[in-house]
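Student: Contents of target.txt (compact mmCIF, C-alpha atoms):
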```txt
# COMPACT_ATOMS: atom_id res chain seq x y z
CA MET W 1 -13.68 -14.32 12.55
CA SER W 2 -16.42 -16.09 10.60
CA ASP W 3 -19.00 -13.27 10.45
CA CYS W 4 -16.57 -10.44 9.61
CA ILE W 5 -17.18 -9.06 6.11
CA PHE W 6 -13.52 -8.06 5.71
CA CYS W 7 -12.34 -11.54 6.72
CA LYS W 8 -14.68 -12.92 4.03
CA ILE W 9 -13.10 -10.55 1.49
CA VAL W 10 -9.62 -11.75 2.53
CA LYS W 11 -10.75 -15.38 2.00
CA LYS W 12 -12.26 -14.35 -1.39
CA ASP W 13 -15.70 -15.51 -0.22
CA ILE W 14 -17.00 -12.03 -1.13
CA PRO W 15 -15.80 -10.48 -4.39
CA SER W 16 -14.11 -7.09 -4.32
CA GLU W 17 -12.00 -4.98 -6.62
CA ILE W 18 -8.55 -5.65 -5.17
CA LEU W 19 -5.82 -3.16 -6.03
CA TYR W 20 -3.08 -4.41 -3.73
CA GLU W 21 -2.31 -7.66 -1.97
CA ASP W 22 0.69 -9.09 -0.21
CA GLU W 23 1.23 -11.60 2.59
CA TRP W 24 -0.13 -9.24 5.27
CA VAL W 25 -2.28 -6.55 3.63
CA LEU W 26 -5.21 -6.33 1.23
CA ALA W 27 -6.45 -3.12 -0.41
CA PHE W 28 -9.70 -2.84 -2.30
CA LYS W 29 -12.17 -0.23 -3.55
CA ASP W 30 -14.78 0.96 -1.06
CA LEU W 31 -18.33 0.02 -2.13
CA ASN W 32 -19.63 3.39 -0.93
CA PRO W 33 -16.91 5.80 -2.10
CA GLN W 34 -16.73 9.24 -0.51
CA ALA W 35 -14.15 10.50 -3.02
CA PRO W 36 -13.08 9.57 -6.57
CA THR W 37 -10.29 7.49 -5.00
CA HIS W 38 -11.54 5.61 -1.93
CA LEU W 39 -9.72 2.45 -0.98
CA LEU W 40 -9.67 0.35 2.16
CA PHE W 41 -6.43 -1.16 3.44
CA ILE W 42 -6.87 -4.05 5.88
CA PRO W 43 -4.61 -6.53 7.61
CA LYS W 44 -5.30 -10.09 6.49
CA ILE W 45 -5.37 -11.18 10.11
CA HIS W 46 -8.50 -10.19 12.04
CA THR W 47 -7.93 -7.47 14.59
CA GLU W 48 -10.82 -5.27 15.64
CA ASN W 49 -9.37 -1.78 15.68
CA PHE W 50 -6.36 0.51 15.92
CA ILE W 51 -5.83 -0.21 19.63
CA GLU W 52 -6.21 -3.99 19.44
CA ALA W 53 -3.81 -4.15 16.47
CA ILE W 54 -0.87 -3.18 18.68
CA GLU W 55 -0.68 -6.91 19.47
CA VAL W 56 0.13 -7.72 15.81
CA PRO W 57 3.88 -7.19 15.28
CA ASN W 58 4.75 -4.53 12.69
CA ILE W 59 1.21 -4.37 11.28
CA TYR W 60 1.19 -0.57 11.07
CA ASP W 61 4.48 -0.61 9.12
CA LYS W 62 3.09 -3.22 6.75
CA ILE W 63 -0.14 -1.27 6.13
CA PHE W 64 1.52 2.13 5.70
CA ASN W 65 4.17 0.65 3.40
CA ALA W 66 1.37 -0.87 1.30
CA ILE W 67 -0.37 2.51 1.12
CA ALA W 68 2.84 4.32 0.10
CA ASN W 69 3.76 1.65 -2.46
CA LEU W 70 0.34 1.71 -4.12
CA VAL W 71 0.23 5.52 -4.24
CA LYS W 72 3.69 5.53 -5.82
CA GLU W 73 2.86 2.69 -8.25
CA LYS W 74 -0.35 4.37 -9.43
CA LYS W 75 1.40 7.76 -9.57
CA TRP W 76 -1.40 9.36 -7.57
CA ASP W 77 -0.93 12.94 -6.40
CA THR W 78 1.09 12.64 -3.21
CA ASN W 79 -0.05 16.11 -2.13
CA GLY W 80 -3.73 15.28 -2.31
CA PHE W 81 -4.89 12.29 -0.32
CA ARG W 82 -5.94 11.44 3.23
CA VAL W 83 -5.53 8.27 5.29
CA VAL W 84 -8.08 7.72 8.07
CA SER W 85 -8.86 4.96 10.56
CA ASN W 86 -11.97 5.21 12.69
CA CYS W 87 -11.68 3.52 16.09
CA GLY W 88 -14.98 2.63 17.72
CA ALA W 89 -18.63 3.23 16.91
CA LYS W 90 -18.57 6.84 18.19
CA ALA W 91 -15.84 7.61 15.66
CA GLY W 92 -17.82 6.05 12.80
CA GLN W 93 -16.29 2.57 12.69
CA SER W 94 -18.97 0.31 11.24
CA VAL W 95 -16.89 -2.76 10.37
CA PHE W 96 -14.94 -3.97 13.38
CA HIS W 97 -11.86 -5.15 11.53
CA LEU W 98 -8.97 -2.67 11.48
CA HIS W 99 -9.02 -0.71 8.24
CA PHE W 100 -7.60 2.48 6.82
CA HIS W 101 -9.44 4.60 4.27
CA LEU W 102 -7.36 6.22 1.54
CA LEU W 103 -9.32 9.14 0.09
CA GLY W 104 -8.25 11.35 -2.79
CA GLY W 105 -9.01 12.65 -6.23
CA ARG W 106 -10.81 15.79 -5.00
CA GLU W 107 -10.16 18.62 -2.58
CA LEU W 108 -10.67 17.35 0.96
CA THR W 109 -12.00 19.80 3.52
CA TRP W 110 -11.20 20.07 7.23
CA PRO W 111 -12.50 19.38 9.77
CA SER W 112 -13.66 16.07 8.37
CA GLY W 113 -16.35 15.18 10.87
```
Could you write out this structure as structure tokens?

Tutor:
Amino acid sequence: MSDCIFCKIVKKDIPSEILYEDEWVLAFKDLNPQAPTHLLFIPKIHTENFIEAIEVPNIYDKIFNAIANLVKEKKWDTNGFRVVSNCGAKAGQSVFHLHFHLLGGRELTWPSG
């Protein structure tokens, strides 16, 4: 999708601080971090949200494996992070390309919203 900011990041048209990349998934630092560790994990193929992504075979496995691998590689505290995906404007989704926030590095309260 030509006007999608995350698609532009995938194509490297917009610079970002990439921490993980494979054939299917890209992870980069959020420009407006809400925690000391705040990364976004996105599929490289454009899909709007969590529901639409069901059409992309194994995409959830690929994303969650990327998250687990990066957490393990960086030796981040596995008892202290949150993974969130907002689905739709009412839930706070502002970029309509499936993405998962990884938040950590501080105590996270609940409820979140």

Student: Please, what distance in Å, to one decimal, runs between CA of Leu98 (chain W) and CA of Asp3 (chain W)?

Tutor: 14.6 Å

Student: Calculated over only C-alpha atoms, which of the candidates W:Trp110, W:Ser85, W:Trp76, W:His46 has the smallest distance to Ser2 (chain W)?

Tutor: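 Answer, going by the shortest atom-to-atom distance: W:His46.
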
Student: Report, in Å with one decimal, the straight-line distance from CA of Leu70 (chain W) to CA of Ile18 (chain W).

Tutor: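 Between CA of Leu70 (chain W) and CA of Ile18 (chain W) the gap is 11.6 Å.
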
Student: Which is closest to Pro43 (chain W) among W:Asp13, W:Ala91, W:Lys29, W:His97, if we use only C-alpha atoms?

Tutor: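 Counting only C-alpha atoms, the residue closest to Pro43 (chain W) is W:His97.
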
Student: Using all atoms listed in the file, give me every residue within 8 Å of (-13.9, -1.1, -0.9) in file coordinates, as a list in words.

Tutor: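 Those residues lying close to the given coordinates are Ser16, Glu17, Ala27, Phe28, Lys29, Asp30, Leu31, Asn32, Pro33, His38, Leu39 and Leu40 of chain W.
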
Student: Could you give me, as number ranges by chain, the residues within 10 Å of Leu26 (chain W), counting only C-alpha atoms and dropping anything in the same chain fewer than 5 positions from it?

Tutor: W: 6, 9-10, 18-21, 40-44, 63, 66, 99

Student: My list of candidates is W:Cys7, W:Ala35, W:Val84, W:Ile45. Which is closest to Gly105 (chain W) when distances are computed with all atoms listed in the file?

Tutor: W:Ala35

Student: CA of Lys8 (chain W) and CA of Phe96 (chain W), how far apart in Å?

Tutor: 12.9 Å

Student: Counting all atoms listed in the file, figure out which residue out of W:Asp77, W:Pro15, W:Ser112, W:Gly88 gets nearest to Glu48 (chain W).

Tutor: W:Gly88

Student: Counting only C-alpha atoms, which residue out of W:Trp24, W:Pro36, W:Ile59, W:Asn49 sits closest to Ser94 (chain W)?

Tutor: W:Asn49

Student: Extract region 26-55 of chain W from the structure I just pasted (atoms: N, CA and C atoms) and return it as a short mmCIF file (atom, residue, chain, number, x, y, z; two decimals), in the first residue's frame.

Tutor:
```cif
data_model
loop_
_atom_site.label_atom_id
_atom_site.label_comp_id
_atom_site.auth_asym_id
_atom_site.auth_seq_id
_atom_site.Cartn_x
_atom_site.Cartn_y
_atom_site.Cartn_z
N LEU W 26 9.47 -7.37 10.50
CA LEU W 26 10.40 -6.27 10.78
C LEU W 26 10.05 -5.72 12.16
N ALA W 27 11.06 -5.46 12.97
CA ALA W 27 10.85 -4.86 14.29
C ALA W 27 11.74 -3.62 14.40
N PHE W 28 11.14 -2.55 14.90
CA PHE W 28 11.87 -1.30 15.02
C PHE W 28 11.38 -0.53 16.24
N LYS W 29 12.19 0.45 16.67
CA LYS W 29 11.84 1.26 17.83
C LYS W 29 10.69 2.20 17.50
N ASP W 30 9.76 2.32 18.44
CA ASP W 30 8.64 3.24 18.30
C ASP W 30 9.17 4.67 18.43
N LEU W 31 8.69 5.57 17.58
CA LEU W 31 9.13 6.97 17.63
C LEU W 31 8.54 7.73 18.80
N ASN W 32 7.49 7.21 19.40
CA ASN W 32 6.86 7.84 20.55
C ASN W 32 6.76 6.81 21.68
N PRO W 33 7.91 6.44 22.25
CA PRO W 33 7.92 5.32 23.21
C PRO W 33 7.10 5.61 24.47
N GLN W 34 6.37 4.59 24.91
CA GLN W 34 5.57 4.66 26.12
C GLN W 34 6.21 3.89 27.27
N ALA W 35 7.39 3.34 27.02
CA ALA W 35 8.16 2.61 28.02
C ALA W 35 9.62 2.63 27.56
N PRO W 36 10.56 2.36 28.48
CA PRO W 36 11.97 2.34 28.07
C PRO W 36 12.24 1.41 26.88
N THR W 37 11.57 0.26 26.85
CA THR W 37 11.61 -0.62 25.68
C THR W 37 10.25 -0.54 25.02
N HIS W 38 10.20 -0.03 23.81
CA HIS W 38 8.95 0.04 23.05
C HIS W 38 9.27 -0.19 21.59
N LEU W 39 8.99 -1.41 21.15
CA LEU W 39 9.25 -1.79 19.77
C LEU W 39 7.95 -2.10 19.07
N LEU W 40 7.97 -1.99 17.76
CA LEU W 40 6.85 -2.40 16.93
C LEU W 40 7.29 -3.56 16.06
N PHE W 41 6.48 -4.61 16.02
CA PHE W 41 6.72 -5.77 15.17
C PHE W 41 5.63 -5.77 14.11
N ILE W 42 6.04 -5.78 12.84
CA ILE W 42 5.07 -5.72 11.75
C ILE W 42 5.36 -6.81 10.72
N PRO W 43 4.31 -7.31 10.05
CA PRO W 43 4.57 -8.17 8.92
C PRO W 43 5.03 -7.32 7.75
N LYS W 44 5.90 -7.86 6.93
CA LYS W 44 6.39 -7.11 5.77
C LYS W 44 5.33 -6.97 4.69
N ILE W 45 4.35 -7.85 4.70
CA ILE W 45 3.25 -7.75 3.77
C ILE W 45 2.17 -6.86 4.41
N HIS W 46 1.53 -6.02 3.62
CA HIS W 46 0.51 -5.14 4.18
C HIS W 46 -0.77 -5.92 4.49
N THR W 47 -1.18 -5.84 5.71
CA THR W 47 -2.47 -6.34 6.15
C THR W 47 -2.94 -5.37 7.23
N GLU W 48 -4.18 -4.97 7.18
CA GLU W 48 -4.65 -3.83 7.96
C GLU W 48 -4.67 -4.06 9.47
N ASN W 49 -5.12 -5.23 9.90
CA ASN W 49 -5.28 -5.41 11.34
C ASN W 49 -5.27 -6.89 11.70
N PHE W 50 -5.50 -7.15 12.96
CA PHE W 50 -5.46 -8.50 13.52
C PHE W 50 -6.46 -9.43 12.84
N ILE W 51 -7.63 -8.94 12.49
CA ILE W 51 -8.66 -9.76 11.86
C ILE W 51 -8.32 -10.04 10.41
N GLU W 52 -7.92 -9.02 9.67
CA GLU W 52 -7.58 -9.19 8.26
C GLU W 52 -6.39 -10.12 8.07
N ALA W 53 -5.47 -10.12 9.02
CA ALA W 53 -4.23 -10.90 8.91
C ALA W 53 -4.46 -12.41 8.92
N ILE W 54 -5.64 -12.85 9.31
CA ILE W 54 -5.94 -14.28 9.31
C ILE W 54 -5.77 -14.87 7.91
N GLU W 55 -5.84 -14.01 6.89
CA GLU W 55 -5.68 -14.47 5.50
C GLU W 55 -4.22 -14.71 5.13
#
```
